[in-house]
$ cat model_35.cif   # mmCIF, C-alpha atoms
data_entry
#
loop_
_atom_site.label_atom_id
_atom_site.label_comp_id
_atom_site.auth_asym_id
_atom_site.auth_seq_id
_atom_site.Cartn_x
_atom_site.Cartn_y
_atom_site.Cartn_z
CA MET J 1 8.78 34.35 53.87
CA LYS J 2 11.03 34.69 50.87
CA ARG J 3 11.92 31.01 51.06
CA CYS J 4 8.24 30.03 51.13
CA ASN J 5 7.65 32.08 47.97
CA ASP J 6 10.61 30.38 46.27
CA VAL J 7 9.28 26.93 47.14
CA CYS J 8 5.82 27.90 45.88
CA CYS J 9 7.31 29.16 42.60
CA VAL J 10 9.12 25.84 42.13
CA CYS J 11 5.91 23.92 42.86
CA VAL J 12 3.89 25.93 40.38
CA GLY J 13 6.66 25.64 37.74
CA GLY J 14 6.81 21.85 38.20
CA GLU J 15 3.05 21.54 37.92
CA MET J 16 2.95 23.60 34.74
CA PHE J 17 5.65 21.42 33.21
CA ARG J 18 3.83 18.23 34.15
CA SER J 19 0.57 19.57 32.78
CA ALA J 20 2.24 20.61 29.50
CA LEU J 21 3.92 17.20 29.27
CA GLY J 22 0.63 15.47 29.96
CA LYS J 23 -1.14 17.48 27.26
CA THR J 24 1.64 16.80 24.75
CA LEU J 25 1.54 13.06 25.46
CA GLY J 26 -2.23 13.09 25.20
CA PHE J 27 -2.03 14.88 21.85
CA VAL J 28 0.59 12.43 20.58
CA GLY J 29 -1.56 9.52 21.77
CA TYR J 30 -4.62 10.84 19.92
CA THR J 31 -2.57 11.44 16.77
CA ILE J 32 -1.23 7.88 16.83
CA GLN J 33 -4.71 6.47 17.44
CA TYR J 34 -6.41 8.36 14.62
CA GLY J 35 -3.42 7.88 12.33
CA CYS J 36 -3.76 4.12 12.81
CA VAL J 37 -7.52 4.25 12.13
CA ALA J 38 -6.91 6.27 8.95
CA HIS J 39 -4.17 3.86 7.86
CA CYS J 40 -6.51 0.88 8.32
CA ALA J 41 -9.24 2.68 6.37
CA PHE J 42 -6.84 3.18 3.43
CA GLU J 43 -5.62 -0.39 3.79
CA TYR J 44 -9.00 -2.17 3.90
CA ILE J 45 -11.49 0.18 2.25
CA GLY J 46 -9.81 2.15 -0.51
CA GLU J 47 -7.44 4.90 -1.48
CA PHE J 48 -7.11 7.72 -4.01
CA VAL J 49 -4.37 7.25 -6.57
CA ALA J 50 -2.87 9.87 -8.91
CA CYS J 51 -1.83 8.11 -12.11
CA SER J 52 1.00 9.15 -14.38
CA GLY J 53 2.20 7.74 -17.67
CA PRO J 54 0.62 6.84 -21.01
CA SER J 55 0.26 3.06 -20.62
CA MET J 56 -3.47 3.06 -19.89
CA GLU J 57 -4.65 5.57 -22.49
CA PRO J 58 -7.34 6.28 -23.48
CA THR J 59 -9.01 4.79 -20.38
CA ILE J 60 -6.80 6.62 -17.89
CA THR J 61 -4.59 9.52 -18.94
CA SER J 62 -1.63 10.98 -17.12
CA HIS J 63 -2.55 13.07 -14.04
CA ASP J 64 -5.94 11.44 -13.64
CA VAL J 65 -6.99 10.68 -10.09
CA VAL J 66 -8.77 7.38 -9.50
CA PHE J 67 -10.24 5.62 -6.49
CA SER J 68 -8.95 2.12 -5.88
CA GLU J 69 -10.99 -0.11 -3.57
CA ARG J 70 -9.25 -2.75 -1.48
CA LEU J 71 -12.10 -5.14 -0.69
CA SER J 72 -11.95 -7.03 -4.01
CA ARG J 73 -8.31 -7.75 -3.49
CA HIS J 74 -8.72 -9.00 0.07
CA LEU J 75 -11.74 -11.12 -0.81
CA CYS J 76 -10.03 -12.42 -3.98
CA ARG J 77 -12.74 -11.07 -6.28
CA ILE J 78 -10.43 -9.57 -8.90
CA GLU J 79 -11.71 -10.61 -12.35
CA ASN J 80 -10.56 -10.44 -15.93
CA GLY J 81 -11.01 -6.95 -17.32
CA ASP J 82 -10.54 -5.21 -13.98
CA ILE J 83 -8.05 -2.37 -13.79
CA VAL J 84 -5.78 -2.89 -10.80
CA ILE J 85 -3.12 -0.98 -8.92
CA ALA J 86 -0.22 -3.29 -8.10
CA LYS J 87 3.28 -2.95 -6.65
CA SER J 88 5.85 -2.95 -9.40
CA PRO J 89 7.79 -6.24 -9.57
CA PHE J 90 10.93 -4.24 -10.31
CA ASP J 91 10.69 -1.47 -7.74
CA PRO J 92 9.02 -2.12 -4.36
CA HIS J 93 8.38 1.62 -3.92
CA MET J 94 6.56 2.13 -7.25
CA ASN J 95 3.05 1.16 -8.22
CA ILE J 96 1.73 0.21 -11.63
CA CYS J 97 -1.80 0.55 -13.03
CA LYS J 98 -2.77 -2.11 -15.58
CA ARG J 99 -5.72 -4.19 -16.70
CA VAL J 100 -6.05 -7.87 -15.76
CA ILE J 101 -6.01 -9.88 -18.98
CA GLY J 102 -5.80 -13.38 -17.48
CA LEU J 103 -6.08 -15.05 -14.07
CA GLU J 104 -4.28 -18.21 -12.92
CA GLY J 105 -4.84 -21.06 -15.33
CA ASP J 106 -5.95 -18.86 -18.23
CA LYS J 107 -4.29 -19.16 -21.63
CA VAL J 108 -3.00 -15.76 -22.74
CA CYS J 109 -1.66 -14.75 -26.12
CA THR J 110 1.91 -13.55 -25.76
CA SER J 111 2.56 -12.61 -29.39
CA GLY J 112 1.77 -9.22 -30.88
CA PRO J 113 -0.98 -8.57 -33.45
CA SER J 114 1.62 -8.23 -36.20
CA ASP J 115 3.41 -11.52 -35.49
CA VAL J 116 2.94 -14.36 -37.97
CA PHE J 117 3.14 -17.17 -35.42
CA LYS J 118 0.85 -16.84 -32.42
CA THR J 119 2.38 -17.90 -29.14
CA HIS J 120 0.46 -18.63 -25.97
CA GLN J 121 1.25 -19.12 -22.33
CA TYR J 122 -0.68 -20.40 -19.35
CA VAL J 123 -0.79 -18.06 -16.36
CA PRO J 124 0.76 -19.95 -13.41
CA LYS J 125 -1.02 -20.50 -10.09
CA GLY J 126 -1.14 -17.43 -7.87
CA HIS J 127 -0.28 -15.04 -10.72
CA VAL J 128 -2.13 -12.67 -13.05
CA TRP J 129 -1.37 -11.39 -16.54
CA LEU J 130 -1.43 -7.59 -16.74
CA GLU J 131 -1.45 -5.41 -19.85
CA GLY J 132 -1.90 -1.69 -20.35
CA ASP J 133 -4.69 -0.46 -22.62
CA ASN J 134 -2.14 1.48 -24.69
CA LEU J 135 -0.43 -1.60 -26.12
CA ARG J 136 2.16 0.33 -28.10
CA ASN J 137 3.40 2.26 -25.08
CA SER J 138 3.11 -0.05 -22.11
CA THR J 139 5.64 -2.20 -20.26
CA ASP J 140 3.60 -5.02 -18.80
CA SER J 141 3.40 -8.78 -18.56
CA ARG J 142 4.32 -9.04 -22.23
CA SER J 143 7.83 -7.99 -21.20
CA TYR J 144 8.18 -9.07 -17.56
CA GLY J 145 5.89 -12.06 -17.42
CA PRO J 146 3.01 -12.88 -15.08
CA VAL J 147 2.81 -10.93 -11.83
CA PRO J 148 2.12 -12.61 -8.43
CA TYR J 149 -1.44 -11.92 -7.24
CA ALA J 150 -0.06 -10.86 -3.85
CA LEU J 151 1.41 -7.71 -5.44
CA ILE J 152 -2.03 -6.38 -6.32
CA ARG J 153 -3.08 -3.53 -4.03
CA GLY J 154 -6.59 -2.70 -5.19
CA ARG J 155 -9.13 -2.48 -8.01
CA VAL J 156 -9.76 0.85 -9.69
CA CYS J 157 -13.49 1.44 -9.57
CA LEU J 158 -14.01 5.11 -10.34
CA LYS J 159 -12.18 7.99 -11.94
CA VAL J 160 -12.16 11.55 -10.72
CA ARG J 161 -10.72 13.46 -13.63
CA ARG J 162 -8.36 16.17 -12.53
CA GLY J 163 -9.17 19.44 -14.24
CA THR J 164 -9.29 23.15 -13.51
CA SER J 165 -12.76 22.84 -12.04
CA PRO J 166 -13.81 19.84 -9.93
CA ASP J 167 -17.07 19.46 -11.85
CA PRO J 168 -19.17 16.52 -10.55
CA SER J 169 -20.02 15.58 -14.13
CA HIS J 170 -16.39 14.53 -14.55
CA ILE J 171 -16.77 11.65 -12.12
CA HIS J 172 -17.04 8.37 -14.01
CA PHE J 173 -18.24 5.07 -12.66
CA ASN J 174 -17.35 1.59 -13.83
CA LEU J 175 -14.25 1.87 -15.96
CA MET R 1 -32.87 2.74 28.40
CA PHE R 2 -32.64 1.54 24.84
CA ARG R 3 -30.82 4.70 23.81
CA SER R 4 -28.39 4.31 26.66
CA ALA R 5 -27.71 0.67 25.78
CA LEU R 6 -27.28 1.62 22.11
CA GLY R 7 -24.92 4.42 23.08
CA LYS R 8 -22.83 2.09 25.21
CA THR R 9 -22.72 -0.54 22.45
CA LEU R 10 -21.64 2.01 19.87
CA GLY R 11 -19.03 3.35 22.27
CA PHE R 12 -17.71 -0.17 22.84
CA VAL R 13 -17.61 -0.86 19.09
CA GLY R 14 -15.83 2.46 18.55
CA TYR R 15 -13.16 1.59 21.13
CA THR R 16 -12.72 -1.90 19.66
CA ILE R 17 -12.21 -0.47 16.17
CA GLN R 18 -9.75 2.12 17.46
CA TYR R 19 -7.58 -0.31 19.40
CA GLY R 20 -7.89 -2.95 16.69
CA CYS R 21 -6.47 -0.43 14.23
CA VAL R 22 -3.61 0.47 16.58
CA ALA R 23 -2.80 -3.23 17.10
CA HIS R 24 -2.93 -3.84 13.34
CA CYS R 25 -0.52 -0.97 12.70
CA ALA R 26 1.82 -2.28 15.41
CA PHE R 27 1.91 -5.69 13.69
CA GLU R 28 2.30 -4.01 10.31
CA TYR R 29 5.15 -1.64 11.15
CA ILE R 30 6.92 -3.09 14.17
CA GLY R 31 6.81 -6.88 14.08
CA GLU R 32 4.74 -10.00 14.41
CA PHE R 33 4.94 -13.51 15.86
CA VAL R 34 5.04 -16.31 13.30
CA ALA R 35 4.50 -20.05 13.84
CA CYS R 36 6.53 -21.91 11.24
CA SER R 37 5.70 -25.29 9.77
CA GLY R 38 7.57 -27.50 7.34
CA PRO R 39 11.10 -28.86 7.03
CA SER R 40 12.59 -26.45 4.52
CA MET R 41 14.58 -24.38 7.02
CA GLU R 42 16.04 -27.20 9.13
CA PRO R 43 18.19 -27.21 11.18
CA THR R 44 17.91 -23.45 11.76
CA ILE R 45 14.12 -23.45 12.18
CA THR R 46 12.16 -26.67 12.70
CA SER R 47 8.45 -27.28 12.30
CA HIS R 48 6.25 -25.71 15.04
CA ASP R 49 8.91 -23.21 16.08
CA VAL R 50 7.67 -19.71 16.89
CA VAL R 51 9.77 -16.79 15.71
CA PHE R 52 9.53 -13.01 15.86
CA SER R 53 9.68 -11.23 12.53
CA GLU R 54 10.43 -7.50 12.56
CA ARG R 55 9.01 -5.22 9.88
CA LEU R 56 11.32 -2.23 10.05
CA SER R 57 14.10 -3.77 7.92
CA ARG R 58 11.64 -4.48 5.16
CA HIS R 59 10.16 -0.97 5.16
CA LEU R 60 13.57 0.69 5.35
CA CYS R 61 14.97 -1.67 2.66
CA ARG R 62 17.67 -3.02 4.98
CA ILE R 63 17.23 -6.70 4.13
CA GLU R 64 20.67 -8.21 3.51
CA ASN R 65 22.15 -11.46 2.25
CA GLY R 66 21.95 -14.15 4.87
CA ASP R 67 18.79 -12.77 6.50
CA ILE R 68 15.89 -15.13 7.06
CA VAL R 69 12.70 -13.52 5.79
CA ILE R 70 8.98 -14.20 5.87
CA ALA R 71 7.47 -13.50 2.45
CA LYS R 72 4.12 -14.01 0.74
CA SER R 73 4.18 -17.09 -1.42
CA PRO R 74 4.34 -16.23 -5.14
CA PHE R 75 1.96 -19.13 -5.79
CA ASP R 76 -0.64 -18.57 -3.10
CA PRO R 77 -1.44 -15.05 -1.87
CA HIS R 78 -2.80 -16.44 1.41
CA MET R 79 0.30 -18.45 2.33
CA ASN R 80 3.61 -17.27 3.66
CA ILE R 81 7.04 -18.77 3.16
CA CYS R 82 10.11 -18.60 5.39
CA LYS R 83 13.43 -18.72 3.53
CA ARG R 84 16.92 -17.27 3.64
CA VAL R 85 18.02 -14.47 1.32
CA ILE R 86 20.86 -15.83 -0.80
CA GLY R 87 21.20 -12.94 -3.25
CA LEU R 88 19.86 -9.41 -3.71
CA GLU R 89 19.23 -7.58 -6.99
CA GLY R 90 22.28 -7.64 -9.20
CA ASP R 91 23.99 -10.55 -7.40
CA LYS R 92 25.18 -13.59 -9.32
CA VAL R 93 23.66 -16.72 -7.79
CA CYS R 94 24.52 -20.34 -8.48
CA THR R 95 21.45 -22.11 -9.82
CA SER R 96 22.96 -25.58 -10.18
CA GLY R 97 23.06 -28.18 -7.41
CA PRO R 98 26.24 -29.28 -5.63
CA SER R 99 26.19 -32.58 -7.53
CA ASP R 100 25.87 -31.04 -11.02
CA VAL R 101 28.92 -31.20 -13.27
CA PHE R 102 28.30 -27.93 -15.05
CA LYS R 103 27.76 -24.92 -12.79
CA THR R 104 25.07 -22.54 -13.99
CA HIS R 105 24.62 -19.00 -12.74
CA GLN R 106 21.97 -16.34 -12.94
CA TYR R 107 21.85 -12.65 -12.12
CA VAL R 108 19.07 -11.62 -9.77
CA PRO R 109 16.92 -9.03 -11.61
CA LYS R 110 16.19 -5.55 -10.25
CA GLY R 111 13.62 -5.45 -7.47
CA HIS R 112 13.90 -9.19 -6.77
CA VAL R 113 15.66 -11.46 -4.26
CA TRP R 114 16.85 -15.06 -4.46
CA LEU R 115 15.50 -17.19 -1.61
CA GLU R 116 16.59 -20.66 -0.57
CA GLY R 117 15.74 -22.84 2.40
CA ASP R 118 18.54 -24.08 4.67
CA ASN R 119 17.41 -27.68 4.09
CA LEU R 120 18.41 -27.77 0.44
CA ARG R 121 17.20 -31.31 -0.17
CA ASN R 122 13.69 -30.60 1.07
CA SER R 123 12.91 -27.05 0.09
CA THR R 124 10.90 -25.53 -2.76
CA ASP R 125 12.44 -22.13 -3.30
CA SER R 126 13.95 -19.86 -5.93
CA ARG R 127 15.78 -22.83 -7.42
CA SER R 128 12.40 -24.02 -8.69
CA TYR R 129 10.28 -20.86 -9.01
CA GLY R 130 12.91 -18.25 -9.76
CA PRO R 131 13.65 -14.93 -8.08
CA VAL R 132 10.93 -13.44 -5.89
CA PRO R 133 9.88 -9.75 -6.05
CA TYR R 134 11.19 -7.79 -3.04
CA ALA R 135 7.70 -6.37 -2.50
CA LEU R 136 6.49 -9.82 -1.39
CA ILE R 137 8.78 -9.82 1.63
CA ARG R 138 6.86 -9.19 4.86
CA GLY R 139 9.59 -9.10 7.50
CA ARG R 140 12.96 -10.31 8.74
CA VAL R 141 13.12 -13.09 11.31
CA CYS R 142 15.30 -11.87 14.13
CA LEU R 143 14.50 -14.04 17.17
CA LYS R 144 13.39 -17.57 17.87
CA LEU R 145 10.94 -17.69 20.76
CA TRP R 146 9.87 -21.36 20.93
CA PRO R 147 11.04 -23.95 21.88
CA LEU R 148 12.26 -22.34 25.07
CA HIS R 149 15.61 -24.09 25.13
CA HIS R 150 16.47 -22.56 21.74
CA VAL R 151 15.37 -18.99 22.43
CA GLY R 152 17.66 -16.39 20.87
CA ALA R 153 19.13 -15.24 17.60
CA LEU R 154 19.24 -17.55 14.61
CA ASN R 155 22.30 -19.23 13.17
CA GLN R 156 24.15 -18.37 10.00
CA SER R 157 23.42 -20.30 6.84
CA PRO R 158 24.70 -23.88 6.99
CA THR R 159 24.72 -24.24 3.20
CA GLY R 160 27.48 -21.82 2.27
CA ARG R 161 25.50 -20.53 -0.71
CA VAL R 162 24.90 -16.98 0.52
CA VAL R 163 26.42 -14.45 -1.89
CA ARG R 164 29.10 -12.39 -0.19
CA ARG R 165 29.02 -8.72 -1.08
CA SER R 166 32.24 -6.79 -1.16
CA ASP R 167 30.78 -3.53 0.19
#

$ encode --input "model_35.cif" --output "structure tokens"
Amino acid sequence: MKRCNDVCCVCVGGEMFRSALGKTLGFVGYTIQYGCVAHCAFEYIGEFVACSGPSMEPTITSHDVVFSERLSRHLCRIENGDIVIAKSPFDPHMNICKRVIGLEGDKVCTSGPSDVFKTHQYVPKGHVWLEGDNLRNSTDSRSYGPVPYALIRGRVCLKVRRGTSPDPSHIHFNL
Amino acid sequence: MFRSALGKTLGFVGYTIQYGCVAHCAFEYIGEFVACSGPSMEPTITSHDVVFSERLSRHLCRIENGDIVIAKSPFDPHMNICKRVIGLEGDKVCTSGPSDVFKTHQYVPKGHVWLEGDNLRNSTDSRSYGPVPYALIRGRVCLKLWPLHHVGALNQSPTGRVVRRSD
């Protein structure tokens, strides 16, 4: 009788383990599935970006949070004047936030406002010319040249200003 | 009946989106199959070869000199290029041809790589368009899958121009 009880205890223990394993695997499976769906939503629809740095003042100040939509980039509808988030050409892990001054084929002015001789450059195919709104305090295409279009991640379309109170009146459309 | 059909359709669409997203993430983070075209990587890779390009090296920044990579073309965001990494950031690369009298060199800037095709006579690469930002690299080619009699790992560079690192 004792042996039967032992065998039954082993059976029940094995079943509990299998059920716990099954639940864990199921949970992991659901997490992977919904993680992938969320990743694709951020990749193809849009993402929230916290900006830092002074190069886009006064349009975007440090610690502002903006929403960057991805559809324009995928459908190649980025236009002059758009503010874009792009991967930095000098650090693949950093992103930069600048305004598009010229698209491929455009003639952009590469000299400063105080220069006597104006110099110009044509933006090569597949590239864009980016400049920050704060010209005095921005490292952009004026120093590192045109940026490949493929580095652009998305177009900033609205700003959610970060403050002490998330007041809806602080949401701005159409930068 | 209409509600039941609508429910089934929505359920089917929901499943398709879910598994489409999982497949997309697998291609994005694990690897993808690439059909190559063009002569710029001969004899290592010929036109119409199919290779497997893994993504982990790119995400973990483990691309090294001598690796063959798939990258987005700097001149066309919809096209991809397949070249060999000759130099990483900070390396000194030779920018003159083998027949030039005066050898010229250039340092690869931070965050960029120097790419060249194995078929030096018939390849448009960093020798014409300069160093390419690392962020444009999509993946590292690790296996050739077609044609079947050449399945396996890829050969070392036949050009001897890959920068050797001391570390």

$ atom_distance --input "model_35.cif" --atom1 "CA of Gly139 in chain R" --atom2 "CA of Tyr107 in chain R"
23.4 Å

$ interface_residues --input "model_35.cif" --of "chain R" --to "chain J" --cutoff "6 Å" --atoms "all atoms listed in the file" --output "number ranges by chain"
R: 21-22, 74-77, 110-111, 133, 135

$ residues_around --input "model_35.cif" --residues "Arg165 in chain R" --least-positions-apart "5" --cutoff "10 Å" --atoms "all atoms listed in the file" --output "VMD selection string"
chain R and resid 64 to 65 87 to 88 91

$ residues_around --input "model_35.cif" --residues "Trp114 in chain R" --least-positions-apart "2" --cutoff "8 Å" --atoms "all atoms listed in the file" --output "count of residues only"
12

$ atom_distance --input "model_35.cif" --atom1 "CA of Ser40 in chain R" --atom2 "CA of Lys83 in chain R"
7.8 Å

$ atom_distance --input "model_35.cif" --atom1 "CA of Gly38 in chain R" --atom2 "CA of Thr124 in chain R"
10.8 Å

$ resolve_selection --input "model_35.cif" --expression "the PyMOL selection byres ((chain R and resi 37) around 9)" --output "list of chain:residue names"
R:Ala35, R:Cys36, R:Gly38, R:Pro39, R:Ser40, R:Ile45, R:Thr46, R:Ser47, R:His48, R:Asp49

$ resolve_selection --input "model_35.cif" --expression "the PyMOL selection byres ((chain R and resi 72) around 7)" --output "PDB file with C-alpha atoms, in the frame of the given file"
ATOM      1  CA  ALA J 150      -0.060 -10.860  -3.850  1.00  0.00           C
TER       2      ALA J 150
ATOM      3  CA  ALA R  71       7.470 -13.500   2.450  1.00  0.00           C
ATOM      4  CA  SER R  73       4.180 -17.090  -1.420  1.00  0.00           C
ATOM      5  CA  PRO R  74       4.340 -16.230  -5.140  1.00  0.00           C
ATOM      6  CA  PRO R  77      -1.440 -15.050  -1.870  1.00  0.00           C
ATOM      7  CA  MET R  79       0.300 -18.450   2.330  1.00  0.00           C
ATOM      8  CA  ASN R  80       3.610 -17.270   3.660  1.00  0.00           C
ATOM      9  CA  ILE R  81       7.040 -18.770   3.160  1.00  0.00           C
ATOM     10  CA  LEU R 136       6.490  -9.820  -1.390  1.00  0.00           C
ATOM     11  CA  ILE R 137       8.780  -9.820   1.630  1.00  0.00           C
ATOM     12  CA  ARG R 138       6.860  -9.190   4.860  1.00  0.00           C
TER      13      ARG R 138
END

$ closest_residue --input "model_35.cif" --among "J:Trp129, J:Tyr44, J:Phe27, J:Phe17" --to "Leu71 in chain J" --atoms "only C-alpha atoms"
J:Tyr44

$ resolve_selection --input "model_35.cif" --expression "the PyMOL selection byres ((chain R and resi 143) around 9)" --output "list in words"
Val50, Val51, Phe52, Ser53, Glu54, Val141, Cys142, Lys144, Leu145, Val151, Gly152, Ala153 and Leu154 of chain R

$ residues_around --input "model_35.cif" --residues "Val66 in chain J" --least-positions-apart "2" --cutoff "6 Å" --atoms "all atoms listed in the file" --output "JSON, numbers by chain"
{"J": [48, 49, 158, 159, 160]}

$ closest_residue --input "model_35.cif" --among "R:His150, R:Arg161, R:Arg55, R:Arg62" --to "Ser96 in chain R" --atoms "only C-alpha atoms"
R:Arg161

$ residues_around --input "model_35.cif" --residues "Asp140 in chain J" --least-positions-apart "2" --cutoff "8 Å" --atoms "only C-alpha atoms" --output "list in words"
Lys98, Leu130, Glu131, Gly132, Ser138, Arg142, Ser143, Tyr144 and Gly145 of chain J

$ closest_residue --input "model_35.cif" --among "J:Met56, J:Leu25, J:Cys109, J:Ile85" --to "Glu69 in chain J" --atoms "all atoms listed in the file"
J:Ile85

$ closest_residue --input "model_35.cif" --among "J:Val156, J:Leu135, J:Leu21, J:Val65" --to "Cys97 in chain J" --atoms "only C-alpha atoms"
J:Val156

$ closest_residue --input "model_35.cif" --among "R:Gly97, R:Gly7, R:Pro158, R:Gly66" --to "Glu42 in chain R" --atoms "all atoms listed in the file"
R:Pro158

$ residues_around --input "model_35.cif" --residues "Thr59 in chain J" --least-positions-apart "5" --cutoff "10 Å" --atoms "only C-alpha atoms" --output "ChimeraX atom specification"
/J:54,64,83,132-134,159,175

$ build_atoms --input "model_35.cif" --residues "range 144-163 of chain R" --atoms "N, CA, C and O atoms" --output "PDB file, in the frame of the given file"
ATOM      1  N   LYS R 144      14.206 -16.358  17.709  1.00  0.00           N
ATOM      2  CA  LYS R 144      13.390 -17.570  17.870  1.00  0.00           C
ATOM      3  C   LYS R 144      12.859 -17.559  19.292  1.00  0.00           C
ATOM      4  O   LYS R 144      13.613 -17.341  20.240  1.00  0.00           O
ATOM      5  N   LEU R 145      11.549 -17.789  19.443  1.00  0.00           N
ATOM      6  CA  LEU R 145      10.940 -17.690  20.760  1.00  0.00           C
ATOM      7  C   LEU R 145      10.488 -19.030  21.324  1.00  0.00           C
ATOM      8  O   LEU R 145      10.228 -19.167  22.506  1.00  0.00           O
ATOM      9  N   TRP R 146      10.330 -20.028  20.475  1.00  0.00           N
ATOM     10  CA  TRP R 146       9.870 -21.360  20.930  1.00  0.00           C
ATOM     11  C   TRP R 146      10.546 -22.379  20.034  1.00  0.00           C
ATOM     12  O   TRP R 146      10.566 -22.167  18.836  1.00  0.00           O
ATOM     13  N   PRO R 147      11.086 -23.461  20.497  1.00  0.00           N
ATOM     14  CA  PRO R 147      11.040 -23.950  21.880  1.00  0.00           C
ATOM     15  C   PRO R 147      11.963 -23.171  22.822  1.00  0.00           C
ATOM     16  O   PRO R 147      12.931 -22.570  22.393  1.00  0.00           O
ATOM     17  N   LEU R 148      11.617 -23.209  24.089  1.00  0.00           N
ATOM     18  CA  LEU R 148      12.260 -22.340  25.070  1.00  0.00           C
ATOM     19  C   LEU R 148      13.754 -22.607  25.202  1.00  0.00           C
ATOM     20  O   LEU R 148      14.517 -21.686  25.493  1.00  0.00           O
ATOM     21  N   HIS R 149      14.184 -23.828  24.951  1.00  0.00           N
ATOM     22  CA  HIS R 149      15.610 -24.090  25.130  1.00  0.00           C
ATOM     23  C   HIS R 149      16.419 -23.620  23.934  1.00  0.00           C
ATOM     24  O   HIS R 149      17.634 -23.708  23.926  1.00  0.00           O
ATOM     25  N   HIS R 150      15.747 -23.096  22.893  1.00  0.00           N
ATOM     26  CA  HIS R 150      16.470 -22.560  21.740  1.00  0.00           C
ATOM     27  C   HIS R 150      16.192 -21.085  21.523  1.00  0.00           C
ATOM     28  O   HIS R 150      16.399 -20.577  20.438  1.00  0.00           O
ATOM     29  N   VAL R 151      15.715 -20.404  22.576  1.00  0.00           N
ATOM     30  CA  VAL R 151      15.370 -18.990  22.430  1.00  0.00           C
ATOM     31  C   VAL R 151      16.633 -18.193  22.117  1.00  0.00           C
ATOM     32  O   VAL R 151      17.689 -18.412  22.708  1.00  0.00           O
ATOM     33  N   GLY R 152      16.525 -17.264  21.156  1.00  0.00           N
ATOM     34  CA  GLY R 152      17.660 -16.390  20.870  1.00  0.00           C
ATOM     35  C   GLY R 152      17.774 -16.125  19.390  1.00  0.00           C
ATOM     36  O   GLY R 152      16.868 -16.409  18.606  1.00  0.00           O
ATOM     37  N   ALA R 153      18.904 -15.581  19.014  1.00  0.00           N
ATOM     38  CA  ALA R 153      19.130 -15.240  17.600  1.00  0.00           C
ATOM     39  C   ALA R 153      19.301 -16.513  16.787  1.00  0.00           C
ATOM     40  O   ALA R 153      19.546 -17.591  17.332  1.00  0.00           O
ATOM     41  N   LEU R 154      19.167 -16.365  15.473  1.00  0.00           N
ATOM     42  CA  LEU R 154      19.240 -17.550  14.610  1.00  0.00           C
ATOM     43  C   LEU R 154      20.636 -17.696  14.029  1.00  0.00           C
ATOM     44  O   LEU R 154      21.396 -16.733  13.905  1.00  0.00           O
ATOM     45  N   ASN R 155      20.942 -18.937  13.638  1.00  0.00           N
ATOM     46  CA  ASN R 155      22.300 -19.230  13.170  1.00  0.00           C
ATOM     47  C   ASN R 155      22.517 -18.745  11.738  1.00  0.00           C
ATOM     48  O   ASN R 155      21.583 -18.480  10.994  1.00  0.00           O
ATOM     49  N   GLN R 156      23.784 -18.705  11.382  1.00  0.00           N
ATOM     50  CA  GLN R 156      24.150 -18.370  10.000  1.00  0.00           C
ATOM     51  C   GLN R 156      23.738 -19.527   9.090  1.00  0.00           C
ATOM     52  O   GLN R 156      23.420 -20.614   9.547  1.00  0.00           O
ATOM     53  N   SER R 157      23.816 -19.275   7.793  1.00  0.00           N
ATOM     54  CA  SER R 157      23.420 -20.300   6.840  1.00  0.00           C
ATOM     55  C   SER R 157      24.373 -21.481   6.892  1.00  0.00           C
ATOM     56  O   SER R 157      25.587 -21.315   6.848  1.00  0.00           O
ATOM     57  N   PRO R 158      23.830 -22.704   6.980  1.00  0.00           N
ATOM     58  CA  PRO R 158      24.700 -23.880   6.990  1.00  0.00           C
ATOM     59  C   PRO R 158      25.085 -24.340   5.597  1.00  0.00           C
ATOM     60  O   PRO R 158      25.885 -25.250   5.451  1.00  0.00           O
ATOM     61  N   THR R 159      24.519 -23.709   4.542  1.00  0.00           N
ATOM     62  CA  THR R 159      24.720 -24.240   3.200  1.00  0.00           C
ATOM     63  C   THR R 159      25.896 -23.614   2.489  1.00  0.00           C
ATOM     64  O   THR R 159      26.385 -24.144   1.521  1.00  0.00           O
ATOM     65  N   GLY R 160      26.353 -22.456   2.929  1.00  0.00           N
ATOM     66  CA  GLY R 160      27.480 -21.820   2.270  1.00  0.00           C
ATOM     67  C   GLY R 160      27.160 -21.254   0.905  1.00  0.00           C
ATOM     68  O   GLY R 160      28.048 -21.001   0.103  1.00  0.00           O
ATOM     69  N   ARG R 161      25.870 -21.019   0.616  1.00  0.00           N
ATOM     70  CA  ARG R 161      25.500 -20.530  -0.710  1.00  0.00           C
ATOM     71  C   ARG R 161      25.169 -19.052  -0.717  1.00  0.00           C
ATOM     72  O   ARG R 161      24.865 -18.488  -1.755  1.00  0.00           O
ATOM     73  N   VAL R 162      25.247 -18.400   0.451  1.00  0.00           N
ATOM     74  CA  VAL R 162      24.900 -16.980   0.520  1.00  0.00           C
ATOM     75  C   VAL R 162      25.954 -16.166  -0.237  1.00  0.00           C
ATOM     76  O   VAL R 162      27.148 -16.369  -0.051  1.00  0.00           O
ATOM     77  N   VAL R 163      25.493 -15.282  -1.108  1.00  0.00           N
ATOM     78  CA  VAL R 163      26.420 -14.450  -1.890  1.00  0.00           C
ATOM     79  C   VAL R 163      27.071 -13.427  -0.979  1.00  0.00           C
ATOM     80  O   VAL R 163      26.382 -12.704  -0.253  1.00  0.00           O
TER      81      VAL R 163
END
